[in-house]
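Shown next: upload_2.pdb, given as PDB, N, CA and C atoms and all ligand atoms.
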```pdb
ATOM      1  N   MET I   1      99.381 -21.365  51.174
ATOM      2  CA  MET I   1      99.079 -21.104  49.752
ATOM      3  C   MET I   1     100.336 -21.411  48.922
ATOM      4  N   ALA I   2     100.136 -22.125  47.848
ATOM      5  CA  ALA I   2     101.277 -22.491  46.997
ATOM      6  C   ALA I   2     101.589 -21.353  46.029
ATOM      7  N   ASP I   3     102.815 -21.310  45.586
ATOM      8  CA  ASP I   3     103.186 -20.412  44.499
ATOM      9  C   ASP I   3     102.870 -18.949  44.749
ATOM     10  N   VAL I   4     103.221 -18.466  45.919
ATOM     11  CA  VAL I   4     103.039 -17.044  46.208
ATOM     12  C   VAL I   4     104.149 -16.273  45.500
ATOM     13  N   SER I   5     103.753 -15.265  44.733
ATOM     14  CA  SER I   5     104.690 -14.494  43.912
ATOM     15  C   SER I   5     104.965 -13.127  44.539
ATOM     16  N   PHE I   6     106.225 -12.726  44.548
ATOM     17  CA  PHE I   6     106.559 -11.409  45.094
ATOM     18  C   PHE I   6     105.822 -10.316  44.332
ATOM     19  N   GLU I   7     105.936 -10.368  43.013
ATOM     20  CA  GLU I   7     105.387  -9.280  42.208
ATOM     21  C   GLU I   7     103.857  -9.238  42.272
ATOM     22  N   LYS I   8     103.226 -10.410  42.175
ATOM     23  CA  LYS I   8     101.759 -10.444  42.094
ATOM     24  C   LYS I   8     101.086 -10.343  43.471
ATOM     25  N   ASP I   9     101.672 -10.996  44.473
ATOM     26  CA  ASP I   9     100.981 -11.137  45.762
ATOM     27  C   ASP I   9     101.549 -10.267  46.876
ATOM     28  N   ILE I  10     102.865 -10.106  46.900
ATOM     29  CA  ILE I  10     103.508  -9.451  48.046
ATOM     30  C   ILE I  10     103.656  -7.947  47.826
ATOM     31  N   LEU I  11     104.174  -7.568  46.678
ATOM     32  CA  LEU I  11     104.382  -6.139  46.413
ATOM     33  C   LEU I  11     103.116  -5.303  46.644
ATOM     34  N   PRO I  12     101.935  -5.778  46.186
ATOM     35  CA  PRO I  12     100.720  -4.966  46.394
ATOM     36  C   PRO I  12     100.315  -4.795  47.866
ATOM     37  N   LEU I  13     100.920  -5.570  48.773
ATOM     38  CA  LEU I  13     100.580  -5.418  50.198
ATOM     39  C   LEU I  13     101.193  -4.152  50.788
ATOM     40  N   PHE I  14     102.259  -3.667  50.171
ATOM     41  CA  PHE I  14     102.964  -2.502  50.705
ATOM     42  C   PHE I  14     102.412  -1.230  50.103
ATOM     43  N   THR I  15     102.183  -0.223  50.940
ATOM     44  CA  THR I  15     101.737   1.083  50.449
ATOM     45  C   THR I  15     102.947   1.900  50.011
ATOM     46  N   GLU I  16     102.667   2.967  49.260
ATOM     47  CA  GLU I  16     103.748   3.885  48.859
ATOM     48  C   GLU I  16     104.438   4.444  50.101
ATOM     49  N   THR I  17     103.641   4.704  51.147
ATOM     50  CA  THR I  17     104.217   5.213  52.398
ATOM     51  C   THR I  17     105.182   4.192  52.986
ATOM     52  N   ASP I  18     104.742   2.927  53.049
ATOM     53  CA  ASP I  18     105.624   1.880  53.569
ATOM     54  C   ASP I  18     106.945   1.872  52.799
ATOM     55  N   ILE I  19     106.819   1.858  51.475
ATOM     56  CA  ILE I  19     108.006   1.705  50.620
ATOM     57  C   ILE I  19     108.934   2.907  50.774
ATOM     58  N   ASP I  20     108.364   4.116  50.662
ATOM     59  CA  ASP I  20     109.184   5.330  50.737
ATOM     60  C   ASP I  20     109.884   5.449  52.089
ATOM     61  N   HIS I  21     109.101   5.252  53.160
ATOM     62  CA  HIS I  21     109.673   5.457  54.484
ATOM     63  C   HIS I  21     110.696   4.384  54.821
ATOM     64  N   MET I  22     110.427   3.164  54.422
ATOM     65  CA  MET I  22     111.374   2.104  54.757
ATOM     66  C   MET I  22     112.615   2.160  53.871
ATOM     67  N   ASN I  23     112.498   2.654  52.629
ATOM     68  CA  ASN I  23     113.704   2.883  51.824
ATOM     69  C   ASN I  23     114.661   3.805  52.572
ATOM     70  N   ASP I  24     114.090   4.838  53.224
ATOM     71  CA  ASP I  24     114.924   5.774  54.002
ATOM     72  C   ASP I  24     115.655   5.064  55.130
ATOM     73  N   GLN I  25     115.086   3.944  55.608
ATOM     74  CA  GLN I  25     115.708   3.177  56.705
ATOM     75  C   GLN I  25     116.613   2.062  56.168
ATOM     76  N   GLY I  26     116.739   1.978  54.838
ATOM     77  CA  GLY I  26     117.572   0.925  54.258
ATOM     78  C   GLY I  26     116.876  -0.422  54.138
ATOM     79  N   VAL I  27     115.553  -0.441  54.299
ATOM     80  CA  VAL I  27     114.778  -1.679  54.136
ATOM     81  C   VAL I  27     113.965  -1.520  52.847
ATOM     82  N   MET I  28     114.416  -2.203  51.781
ATOM     83  CA  MET I  28     113.875  -1.969  50.436
ATOM     84  C   MET I  28     112.702  -2.905  50.153
ATOM     85  N   LEU I  29     111.541  -2.532  50.668
ATOM     86  CA  LEU I  29     110.381  -3.421  50.600
ATOM     87  C   LEU I  29     109.945  -3.751  49.176
ATOM     88  N   SER I  30     110.213  -2.843  48.221
ATOM     89  CA  SER I  30     109.741  -3.069  46.849
ATOM     90  C   SER I  30     110.824  -3.657  45.950
ATOM     91  N   ASP I  31     111.987  -3.955  46.524
ATOM     92  CA  ASP I  31     113.142  -4.415  45.741
ATOM     93  C   ASP I  31     113.292  -5.936  45.913
ATOM     94  N   TYR I  32     112.908  -6.667  44.870
ATOM     95  CA  TYR I  32     112.936  -8.136  44.968
ATOM     96  C   TYR I  32     114.310  -8.662  45.364
ATOM     97  N   ASP I  33     115.366  -8.092  44.781
ATOM     98  CA  ASP I  33     116.715  -8.599  45.072
ATOM     99  C   ASP I  33     117.083  -8.432  46.547
ATOM    100  N   TYR I  34     116.577  -7.366  47.153
ATOM    101  CA  TYR I  34     116.788  -7.163  48.594
ATOM    102  C   TYR I  34     115.927  -8.139  49.393
ATOM    103  N   MET I  35     114.662  -8.234  49.030
ATOM    104  CA  MET I  35     113.692  -9.001  49.828
ATOM    105  C   MET I  35     113.920 -10.506  49.756
ATOM    106  N   LYS I  36     114.496 -10.977  48.641
ATOM    107  CA  LYS I  36     114.687 -12.423  48.518
ATOM    108  C   LYS I  36     115.885 -12.915  49.331
ATOM    109  N   GLU I  37     116.675 -11.993  49.895
ATOM    110  CA  GLU I  37     117.747 -12.404  50.807
ATOM    111  C   GLU I  37     117.093 -12.935  52.087
ATOM    112  N   PRO I  38     117.333 -14.199  52.435
ATOM    113  CA  PRO I  38     116.628 -14.808  53.562
ATOM    114  C   PRO I  38     116.703 -14.000  54.861
ATOM    115  N   ASP I  39     117.851 -13.409  55.153
ATOM    116  CA  ASP I  39     117.949 -12.626  56.397
ATOM    117  C   ASP I  39     117.043 -11.396  56.350
ATOM    118  N   ASN I  40     116.983 -10.747  55.180
ATOM    119  CA  ASN I  40     116.151  -9.546  55.061
ATOM    120  C   ASN I  40     114.672  -9.915  55.154
ATOM    121  N   ALA I  41     114.277 -10.978  54.451
ATOM    122  CA  ALA I  41     112.878 -11.417  54.494
ATOM    123  C   ALA I  41     112.492 -11.821  55.917
ATOM    124  N   ALA I  42     113.414 -12.484  56.623
ATOM    125  CA  ALA I  42     113.122 -12.924  57.995
ATOM    126  C   ALA I  42     112.948 -11.720  58.919
ATOM    127  N   ASP I  43     113.781 -10.690  58.727
ATOM    128  CA  ASP I  43     113.659  -9.478  59.555
ATOM    129  C   ASP I  43     112.308  -8.805  59.317
ATOM    130  N   VAL I  44     111.918  -8.716  58.044
ATOM    131  CA  VAL I  44     110.625  -8.101  57.726
ATOM    132  C   VAL I  44     109.495  -8.936  58.323
ATOM    133  N   LEU I  45     109.559 -10.255  58.127
ATOM    134  CA  LEU I  45     108.505 -11.134  58.655
ATOM    135  C   LEU I  45     108.385 -10.972  60.171
ATOM    136  N   ARG I  46     109.516 -10.852  60.852
ATOM    137  CA  ARG I  46     109.475 -10.727  62.315
ATOM    138  C   ARG I  46     108.702  -9.473  62.728
ATOM    139  N   THR I  47     108.970  -8.353  62.044
ATOM    140  CA  THR I  47     108.263  -7.114  62.436
ATOM    141  C   THR I  47     106.767  -7.244  62.160
ATOM    142  N   LEU I  48     106.415  -7.941  61.065
ATOM    143  CA  LEU I  48     104.993  -8.121  60.734
ATOM    144  C   LEU I  48     104.319  -9.024  61.764
ATOM    145  N   GLU I  49     105.014 -10.095  62.163
ATOM    146  CA  GLU I  49     104.447 -11.029  63.139
ATOM    147  C   GLU I  49     104.283 -10.371  64.504
ATOM    148  N   GLU I  50     105.277  -9.579  64.879
ATOM    149  CA  GLU I  50     105.197  -8.873  66.169
ATOM    150  C   GLU I  50     104.120  -7.793  66.138
ATOM    151  N   GLY I  51     103.842  -7.301  64.915
ATOM    152  CA  GLY I  51     102.907  -6.183  64.785
ATOM    153  C   GLY I  51     103.555  -4.838  65.026
ATOM    154  N   SER I  52     104.898  -4.820  65.075
ATOM    155  CA  SER I  52     105.584  -3.538  65.304
ATOM    156  C   SER I  52     105.658  -2.711  64.019
ATOM    157  N   MET I  53     105.545  -3.371  62.874
ATOM    158  CA  MET I  53     105.535  -2.709  61.570
ATOM    159  C   MET I  53     104.374  -3.245  60.746
ATOM    160  N   PRO I  54     103.682  -2.414  59.944
ATOM    161  CA  PRO I  54     103.813  -0.961  59.944
ATOM    162  C   PRO I  54     103.259  -0.371  61.249
ATOM    163  N   PRO I  55     103.853   0.778  61.668
ATOM    164  CA  PRO I  55     103.402   1.398  62.925
ATOM    165  C   PRO I  55     102.059   2.091  62.751
ATOM    166  N   THR I  56     101.432   2.418  63.850
ATOM    167  CA  THR I  56     100.158   3.144  63.785
ATOM    168  C   THR I  56     100.392   4.605  63.411
ATOM    169  N   TRP I  57     101.602   5.095  63.661
ATOM    170  CA  TRP I  57     101.909   6.506  63.385
ATOM    171  C   TRP I  57     102.572   6.633  62.015
ATOM    172  N   GLY I  58     102.746   7.898  61.563
ATOM    173  CA  GLY I  58     103.472   8.151  60.319
ATOM    174  C   GLY I  58     102.768   7.595  59.095
ATOM    175  N   GLY I  59     101.438   7.428  59.161
ATOM    176  CA  GLY I  59     100.710   6.915  58.006
ATOM    177  C   GLY I  59     100.879   5.428  57.808
ATOM    178  N   GLY I  60     101.362   4.736  58.839
ATOM    179  CA  GLY I  60     101.620   3.301  58.709
ATOM    180  C   GLY I  60     100.360   2.445  58.719
ATOM    181  N   GLY I  61      99.321   2.891  59.433
ATOM    182  CA  GLY I  61      98.052   2.147  59.440
ATOM    183  C   GLY I  61      97.999   0.992  60.429
ATOM    184  N   GLY I  62      99.093   0.723  61.135
ATOM    185  CA  GLY I  62      99.067  -0.313  62.165
ATOM    186  C   GLY I  62      99.309  -1.706  61.630
ATOM    187  N   ALA I  63      99.337  -2.651  62.577
ATOM    188  CA  ALA I  63      99.696  -4.041  62.267
ATOM    189  C   ALA I  63      98.782  -4.629  61.189
ATOM    190  N   TRP I  64      99.353  -5.489  60.375
ATOM    191  CA  TRP I  64      98.600  -6.186  59.331
ATOM    192  C   TRP I  64      97.653  -7.204  59.954
ATOM    193  N   SER I  65      96.613  -7.557  59.181
ATOM    194  CA  SER I  65      95.738  -8.666  59.561
ATOM    195  C   SER I  65      96.538  -9.973  59.492
ATOM    196  N   GLU I  66      96.064 -10.970  60.210
ATOM    197  CA  GLU I  66      96.743 -12.266  60.198
ATOM    198  C   GLU I  66      96.786 -12.851  58.779
ATOM    199  N   ASP I  67      95.770 -12.591  57.967
ATOM    200  CA  ASP I  67      95.766 -13.093  56.579
ATOM    201  C   ASP I  67      96.941 -12.556  55.776
ATOM    202  N   LYS I  68      97.198 -11.265  55.935
ATOM    203  CA  LYS I  68      98.301 -10.665  55.176
ATOM    204  C   LYS I  68      99.637 -11.184  55.684
ATOM    205  N   VAL I  69      99.775 -11.295  56.993
ATOM    206  CA  VAL I  69     101.028 -11.826  57.554
ATOM    207  C   VAL I  69     101.234 -13.260  57.062
ATOM    208  N   ALA I  70     100.148 -14.040  57.040
ATOM    209  CA  ALA I  70     100.252 -15.441  56.600
ATOM    210  C   ALA I  70     100.656 -15.528  55.132
ATOM    211  N   LEU I  71     100.177 -14.591  54.327
ATOM    212  CA  LEU I  71     100.553 -14.584  52.907
ATOM    213  C   LEU I  71     102.051 -14.315  52.769
ATOM    214  N   PHE I  72     102.544 -13.346  53.527
ATOM    215  CA  PHE I  72     103.975 -13.044  53.484
ATOM    216  C   PHE I  72     104.781 -14.264  53.949
ATOM    217  N   ARG I  73     104.307 -14.909  55.016
ATOM    218  CA  ARG I  73     104.998 -16.092  55.537
ATOM    219  C   ARG I  73     105.023 -17.213  54.484
ATOM    220  N   SER I  74     103.916 -17.372  53.757
ATOM    221  CA  SER I  74     103.860 -18.401  52.706
ATOM    222  C   SER I  74     104.864 -18.108  51.598
ATOM    223  N   TRP I  75     105.028 -16.829  51.304
ATOM    224  CA  TRP I  75     106.009 -16.454  50.280
ATOM    225  C   TRP I  75     107.417 -16.858  50.739
ATOM    226  N   VAL I  76     107.741 -16.596  51.997
ATOM    227  CA  VAL I  76     109.046 -16.979  52.549
ATOM    228  C   VAL I  76     109.199 -18.501  52.504
ATOM    229  N   GLU I  77     108.189 -19.195  53.007
ATOM    230  CA  GLU I  77     108.277 -20.660  53.089
ATOM    231  C   GLU I  77     108.277 -21.300  51.706
ATOM    232  N   GLY I  78     107.704 -20.587  50.723
ATOM    233  CA  GLY I  78     107.670 -21.104  49.355
ATOM    234  C   GLY I  78     108.959 -20.888  48.588
ATOM    235  N   GLY I  79     109.931 -20.233  49.235
ATOM    236  CA  GLY I  79     111.239 -20.081  48.596
ATOM    237  C   GLY I  79     111.430 -18.799  47.829
ATOM    238  N   TYR I  80     110.731 -17.718  48.228
ATOM    239  CA  TYR I  80     110.996 -16.374  47.699
ATOM    240  C   TYR I  80     110.816 -16.307  46.182
ATOM    241  N   LYS I  81     109.684 -16.786  45.686
ATOM    242  CA  LYS I  81     109.453 -16.751  44.230
ATOM    243  C   LYS I  81     109.271 -15.321  43.739
ATOM    244  N   PRO I  82     109.811 -15.015  42.563
ATOM    245  CA  PRO I  82     109.663 -13.655  42.035
ATOM    246  C   PRO I  82     108.216 -13.312  41.717
TER
HETATM  247  C1  LIG I 101     113.334  -5.180  58.818
HETATM  248  C2  LIG I 101     112.131  -4.679  58.927
HETATM  249  C3  LIG I 101     111.852  -3.275  59.397
HETATM  250  C4  LIG I 101     112.621  -2.432  60.151
HETATM  251  C5  LIG I 101     113.982  -2.685  60.761
HETATM  252  C6  LIG I 101     111.884  -1.192  60.278
HETATM  253  C7  LIG I 101     112.329  -0.083  60.978
HETATM  254  C8  LIG I 101     111.629   1.099  61.088
HETATM  255  C9  LIG I 101     112.054   2.221  61.895
HETATM  256  C10 LIG I 101     113.328   2.264  62.723
HETATM  257  C11 LIG I 101     111.112   3.172  61.742
HETATM  258  C12 LIG I 101     111.088   4.512  62.433
HETATM  259  C13 LIG I 101     111.643   5.578  61.612
HETATM  260  C14 LIG I 101     111.663   6.855  62.373
HETATM  261  O1  LIG I 101     111.871   6.827  63.600
HETATM  262  O2  LIG I 101     111.467   7.894  61.753
HETATM  263  C15 LIG I 101     110.093   2.685  60.857
HETATM  264  C16 LIG I 101     108.985   3.393  60.445
HETATM  265  C17 LIG I 101     108.014   2.924  59.558
HETATM  266  N1  LIG I 101     107.956   1.662  59.012
HETATM  267 FE1  LIG I 101     109.296   0.184  59.305
HETATM  268  N2  LIG I 101     110.700  -1.310  59.595
HETATM  269  C18 LIG I 101     110.636  -2.565  59.056
HETATM  270  C19 LIG I 101     109.610  -3.078  58.302
HETATM  271  C20 LIG I 101     108.501  -2.382  57.890
HETATM  272  C21 LIG I 101     107.425  -2.960  57.132
HETATM  273  C22 LIG I 101     107.376  -4.425  56.703
HETATM  274  C23 LIG I 101     106.515  -1.967  56.893
HETATM  275  C24 LIG I 101     105.227  -2.010  56.177
HETATM  276  C25 LIG I 101     104.560  -3.128  55.886
HETATM  277  C26 LIG I 101     107.030  -0.760  57.518
HETATM  278  C27 LIG I 101     106.418   0.481  57.486
HETATM  279  C28 LIG I 101     106.847   1.593  58.183
HETATM  280  C29 LIG I 101     106.158   2.874  58.180
HETATM  281  C30 LIG I 101     104.902   3.228  57.422
HETATM  282  C31 LIG I 101     106.895   3.707  59.051
HETATM  283  C32 LIG I 101     106.553   5.129  59.440
HETATM  284  C33 LIG I 101     107.499   6.058  58.782
HETATM  285  C34 LIG I 101     107.446   7.471  59.288
HETATM  286  O3  LIG I 101     106.393   8.059  59.394
HETATM  287  O4  LIG I 101     108.533   7.994  59.542
HETATM  288  N3  LIG I 101     108.242  -1.061  58.118
HETATM  289  N4  LIG I 101     110.433   1.410  60.466
END
```
Represent the supplied structure as structure tokens.
Ligand code: HEM
Amino acid sequence: MADVSFEKDILPLFTETDIDHMNDQGVMLSDYDYMKEPDNAADVLRTLEEGSMPPTWGGGGGAWSEDKVALFRSWVEGGYKP
């Protein structure tokens, strides 16, 4: 998908639980300036691809569908558009 936007397409994928709990771990899922850093985005993408995040416990809801992971991957490959 072309022109995937962080604010419009990616941010809504994260729940308040995801954001709050991961902020505590130093992973700022809702912070564009953090997420647009290629190393940070790659780390997040890896956990989504592996299915290790979000976890099934702690209100995480378990691994994302392949569609959601693919959308996140498109955002990375599209150059981290705001
Ligand atoms: C660099 C990427 C990530 C790292 C290193 C990471 C690391 C962790 C760790 C270490 C925990 C366990 C905390 C504990 O033991 O209390 C955790 C929990 C959790 N993570 Fe992640 N995570 C990443 C990405 C994500 C993503 C992308 C999501 C959501 C889409 C997510 C959602 C959650 C949730 C909901 C929990 C459960 C929190 C709880 O109940 O304590 N994480 N994460």
Would you please extract all alpha helix (DSSP H) residues from chain I, as assigned by DSSP on the backbone, and give them as a ChimeraX atom specification?
-> /I:16-24,32-35,38-50,66-77
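Considering all atoms listed in the file, the residues that reside within 6 Å of ligand LIG 101 (chain I) can be listed as Phe14, Thr17, Asp18, His21, Met22, Asp43, Val44, Thr47, Leu48, Met53, Pro54, Pro55, Trp57, Gly58, Gly59, Gly60 and Gly61 of chain I.
Ranking I:Glu37, I:Leu29, I:Leu13, I:Ile19 by their shortest atom-to-atom distance to Tyr80 of chain I, with only N, CA and C atoms included, puts I:Glu37 first.
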Pick from I:Lys81, I:Pro12, I:Lys68, I:Thr56: nearest to Asp33 of chain I, with only C-alpha atoms counted?
-> I:Lys81
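Rounded to one decimal, atom C of Ala70 of chain I and atom C of Asp3 of chain I lie 11.2 Å from each other.
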How would you write, as a list in words, the residues chosen by the PyMOL selection byres (((chain I and resi 75 and name CA) around 10) and not hetatm and name CA) on this structure?
-> Met1, Ala2, Asp3, Val4, Ser5, Phe6, Asp9, Ile10, Lys36, Ala41, Val69, Ala70, Leu71, Phe72, Arg73, Ser74, Val76, Glu77, Gly78, Gly79, Tyr80, Lys81 and Pro82 of chain I
Output N, CA and C atoms for every residue in that selection, as a PDB file, in the coordinates of the input.
```pdb
ATOM      1  N   MET I   1      99.381 -21.365  51.174  1.00  0.00           N
ATOM      2  CA  MET I   1      99.079 -21.104  49.752  1.00  0.00           C
ATOM      3  C   MET I   1     100.336 -21.411  48.922  1.00  0.00           C
ATOM      4  N   ALA I   2     100.136 -22.125  47.848  1.00  0.00           N
ATOM      5  CA  ALA I   2     101.277 -22.491  46.997  1.00  0.00           C
ATOM      6  C   ALA I   2     101.589 -21.353  46.029  1.00  0.00           C
ATOM      7  N   ASP I   3     102.815 -21.310  45.586  1.00  0.00           N
ATOM      8  CA  ASP I   3     103.186 -20.412  44.499  1.00  0.00           C
ATOM      9  C   ASP I   3     102.870 -18.949  44.749  1.00  0.00           C
ATOM     10  N   VAL I   4     103.221 -18.466  45.919  1.00  0.00           N
ATOM     11  CA  VAL I   4     103.039 -17.044  46.208  1.00  0.00           C
ATOM     12  C   VAL I   4     104.149 -16.273  45.500  1.00  0.00           C
ATOM     13  N   SER I   5     103.753 -15.265  44.733  1.00  0.00           N
ATOM     14  CA  SER I   5     104.690 -14.494  43.912  1.00  0.00           C
ATOM     15  C   SER I   5     104.965 -13.127  44.539  1.00  0.00           C
ATOM     16  N   PHE I   6     106.225 -12.726  44.548  1.00  0.00           N
ATOM     17  CA  PHE I   6     106.559 -11.409  45.094  1.00  0.00           C
ATOM     18  C   PHE I   6     105.822 -10.316  44.332  1.00  0.00           C
ATOM     19  N   ASP I   9     101.672 -10.996  44.473  1.00  0.00           N
ATOM     20  CA  ASP I   9     100.981 -11.137  45.762  1.00  0.00           C
ATOM     21  C   ASP I   9     101.549 -10.267  46.876  1.00  0.00           C
ATOM     22  N   ILE I  10     102.865 -10.106  46.900  1.00  0.00           N
ATOM     23  CA  ILE I  10     103.508  -9.451  48.046  1.00  0.00           C
ATOM     24  C   ILE I  10     103.656  -7.947  47.826  1.00  0.00           C
ATOM     25  N   LYS I  36     114.496 -10.977  48.641  1.00  0.00           N
ATOM     26  CA  LYS I  36     114.687 -12.423  48.518  1.00  0.00           C
ATOM     27  C   LYS I  36     115.885 -12.915  49.331  1.00  0.00           C
ATOM     28  N   ALA I  41     114.277 -10.978  54.451  1.00  0.00           N
ATOM     29  CA  ALA I  41     112.878 -11.417  54.494  1.00  0.00           C
ATOM     30  C   ALA I  41     112.492 -11.821  55.917  1.00  0.00           C
ATOM     31  N   VAL I  69      99.775 -11.295  56.993  1.00  0.00           N
ATOM     32  CA  VAL I  69     101.028 -11.826  57.554  1.00  0.00           C
ATOM     33  C   VAL I  69     101.234 -13.260  57.062  1.00  0.00           C
ATOM     34  N   ALA I  70     100.148 -14.040  57.040  1.00  0.00           N
ATOM     35  CA  ALA I  70     100.252 -15.441  56.600  1.00  0.00           C
ATOM     36  C   ALA I  70     100.656 -15.528  55.132  1.00  0.00           C
ATOM     37  N   LEU I  71     100.177 -14.591  54.327  1.00  0.00           N
ATOM     38  CA  LEU I  71     100.553 -14.584  52.907  1.00  0.00           C
ATOM     39  C   LEU I  71     102.051 -14.315  52.769  1.00  0.00           C
ATOM     40  N   PHE I  72     102.544 -13.346  53.527  1.00  0.00           N
ATOM     41  CA  PHE I  72     103.975 -13.044  53.484  1.00  0.00           C
ATOM     42  C   PHE I  72     104.781 -14.264  53.949  1.00  0.00           C
ATOM     43  N   ARG I  73     104.307 -14.909  55.016  1.00  0.00           N
ATOM     44  CA  ARG I  73     104.998 -16.092  55.537  1.00  0.00           C
ATOM     45  C   ARG I  73     105.023 -17.213  54.484  1.00  0.00           C
ATOM     46  N   SER I  74     103.916 -17.372  53.757  1.00  0.00           N
ATOM     47  CA  SER I  74     103.860 -18.401  52.706  1.00  0.00           C
ATOM     48  C   SER I  74     104.864 -18.108  51.598  1.00  0.00           C
ATOM     49  N   VAL I  76     107.741 -16.596  51.997  1.00  0.00           N
ATOM     50  CA  VAL I  76     109.046 -16.979  52.549  1.00  0.00           C
ATOM     51  C   VAL I  76     109.199 -18.501  52.504  1.00  0.00           C
ATOM     52  N   GLU I  77     108.189 -19.195  53.007  1.00  0.00           N
ATOM     53  CA  GLU I  77     108.277 -20.660  53.089  1.00  0.00           C
ATOM     54  C   GLU I  77     108.277 -21.300  51.706  1.00  0.00           C
ATOM     55  N   GLY I  78     107.704 -20.587  50.723  1.00  0.00           N
ATOM     56  CA  GLY I  78     107.670 -21.104  49.355  1.00  0.00           C
ATOM     57  C   GLY I  78     108.959 -20.888  48.588  1.00  0.00           C
ATOM     58  N   GLY I  79     109.931 -20.233  49.235  1.00  0.00           N
ATOM     59  CA  GLY I  79     111.239 -20.081  48.596  1.00  0.00           C
ATOM     60  C   GLY I  79     111.430 -18.799  47.829  1.00  0.00           C
ATOM     61  N   TYR I  80     110.731 -17.718  48.228  1.00  0.00           N
ATOM     62  CA  TYR I  80     110.996 -16.374  47.699  1.00  0.00           C
ATOM     63  C   TYR I  80     110.816 -16.307  46.182  1.00  0.00           C
ATOM     64  N   LYS I  81     109.684 -16.786  45.686  1.00  0.00           N
ATOM     65  CA  LYS I  81     109.453 -16.751  44.230  1.00  0.00           C
ATOM     66  C   LYS I  81     109.271 -15.321  43.739  1.00  0.00           C
ATOM     67  N   PRO I  82     109.811 -15.015  42.563  1.00  0.00           N
ATOM     68  CA  PRO I  82     109.663 -13.655  42.035  1.00  0.00           C
ATOM     69  C   PRO I  82     108.216 -13.312  41.717  1.00  0.00           C
TER      70      PRO I  82
END
```
So how far away is atom CA of Asp24 of chain I from atom CA of Arg46 of chain I, in Å?
->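 Atom-to-atom, atom CA of Arg46 of chain I and atom CA of Asp24 of chain I are spaced 19.3 Å apart.
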Work out how far atom CA of Trp64 of chain I is from atom CA of Ala42 of chain I, in Å to one decimal.
->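 Taking atom CA of Ala42 of chain I and atom CA of Trp64 of chain I, their separation equals 16.1 Å.
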